[in-house]
Amino acid sequence: MDYGVREPERLGETKLPDGRRLGWAEWGPADGTPVLLCPGAATSRWLGFGGDVVEAAGVRLISVDRPGLGASDPAPGRTLTDWATDIRHLGQERALTALLTVGFSQGAPFALALAAHGLVDAVAVVSGSDELAHPRFAHSLNPQVRDMVNAVAADPDTAEASFAGFGSADTLWELITTTSPDTDLAVYTDPVFQHAFRRAMAEAFTQGPAGYARDTVLAMARWPFDPADLTVPVDLWYGGQDTSPTHSPDLGESLTRALPNPTHHLLPTAGGSLLWT
């Protein structure tokens, strides 16, 4: 299987008002319905999905490197609100009207932040990281994840430095392959998918670990918006076999209850890799 993994059809960089570059990749027709992918942790614009169906579906899939990862210039101290500002400018420059977004894994809060700022018409959260610092998860987090959440709450700068010391493509690959169930390992270690996945991770760390570290701080902190205020439709997709300690501890159930216009999909036999299966 190739899991819908394809080489990007278009690569580029957009200059932001402060002079930074935002790197992106695209698949599908240039005049198709724009769908912005917020990638998972420690990956980059190189890893898309649905490459075998975007053309027929009329979808223009755009994957964007977050600041400090891949081809996007760093923005020290950035926030989820800053991300929305960057995408607002990207949308204006690239004519992304009636934009939809997909947030995979750690990309979920970034996708939801776009909805909170009125930039997208709908969101799909796929194997998404929930608001792990929310009190509703006080007693259900993996102990190591709880330590990370507590560290960010106590001293974000020190936590960010710690995450930078830990972050590398090889370290994250080892973590993924040691915490994933068999259903996900079959995907991640398939030669075709592994090549694409590891290339995307290597590209993410070309500027060092700072971008990954900042992303992780944002993912482990309280969100600067209330999901109850999101008015657009949000589809949540989770696999019943997903064992990732940094995805939703309850596979999206409580986040679904917090949203005003959600649809929750739980695929019992799927894992965290369901974006590609």
# chains A, B, ... in the order shown; residues from 1 in each chain; ligands from 1
call {"tool": "select_by_dssp", "arguments": {"residues": "stretch 28-277 of chain A", "states": "alpha helix (DSSP H)", "output": "PyMOL selection string"}}
result
chain A and resi 54-57+80-93+108-116+143-154+156-166+169-179+182-188+191-204+210-220+253-258
call {"tool": "residues_around", "arguments": {"residues": "A:Asp242", "least_positions_apart": "2", "cutoff": "6 Å", "atoms": "only C-alpha atoms", "output": "list in words"}}
result
Gly239, Gly240, Ser244, Gly271 and Gly272 of chain A
call {"tool": "write_last_selection", "arguments": {"atoms": "all heavy atoms", "output": "mmCIF file, in the first residue's frame"}}
result
data_model
loop_
_atom_site.group_PDB
_atom_site.id
_atom_site.type_symbol
_atom_site.label_atom_id
_atom_site.label_comp_id
_atom_site.auth_asym_id
_atom_site.auth_seq_id
_atom_site.Cartn_x
_atom_site.Cartn_y
_atom_site.Cartn_z
ATOM 1 N N GLY A 239 -9.404 6.572 16.371
ATOM 2 C CA GLY A 239 -9.366 5.126 16.251
ATOM 3 C C GLY A 239 -9.397 4.486 17.623
ATOM 4 O O GLY A 239 -8.684 4.922 18.537
ATOM 5 N N GLY A 240 -10.207 3.468 17.766
ATOM 6 C CA GLY A 240 -10.338 2.814 19.056
ATOM 7 C C GLY A 240 -9.069 2.145 19.545
ATOM 8 O O GLY A 240 -8.931 1.867 20.743
ATOM 9 N N SER A 244 -1.630 6.473 21.677
ATOM 10 C CA SER A 244 -0.731 7.608 21.883
ATOM 11 C C SER A 244 -1.055 8.329 23.188
ATOM 12 O O SER A 244 -2.207 8.707 23.413
ATOM 13 C CB SER A 244 -0.834 8.604 20.728
ATOM 14 O OG SER A 244 -0.128 9.797 21.043
ATOM 15 N N GLY A 271 -6.302 2.805 14.358
ATOM 16 C CA GLY A 271 -5.401 3.376 15.350
ATOM 17 C C GLY A 271 -5.235 4.860 15.115
ATOM 18 O O GLY A 271 -6.053 5.520 14.464
ATOM 19 N N GLY A 272 -4.135 5.396 15.620
ATOM 20 C CA GLY A 272 -3.878 6.817 15.460
ATOM 21 C C GLY A 272 -3.493 7.215 14.055
ATOM 22 O O GLY A 272 -3.512 8.406 13.716
#
call {"tool": "closest_residue", "arguments": {"among": "A:Asp235, A:Asp250, A:Glu13, A:Asp130", "to": "A:Pro67", "atoms": "only C-alpha atoms"}}
result
A:Glu13
call {"tool": "residues_around", "arguments": {"residues": "A:Gly208", "least_positions_apart": "6", "cutoff": "12 Å", "atoms": "only C-alpha atoms", "output": "PyMOL selection string"}}
result
chain A and resi 42+67-71+73-74+163-169+201-202+214
call {"tool": "closest_residue", "arguments": {"among": "A:Leu22, A:Leu11, A:Ala221, A:Ala108", "to": "A:Arg146", "atoms": "only C-alpha atoms"}}
result
A:Ala221
call {"tool": "atom_distance", "arguments": {"atom1": "atom CA of A:Thr183", "atom2": "atom CA of A:Pro109"}}
result
25.0 Å
call {"tool": "closest_residue", "arguments": {"among": "A:Arg45, A:His134, A:Arg6, A:His247", "to": "A:Gly28", "atoms": "only C-alpha atoms"}}
result
A:Arg6
call {"tool": "atom_distance", "arguments": {"atom1": "atom CA of A:Gly48", "atom2": "atom CA of A:Val5"}}
result
6.4 Å
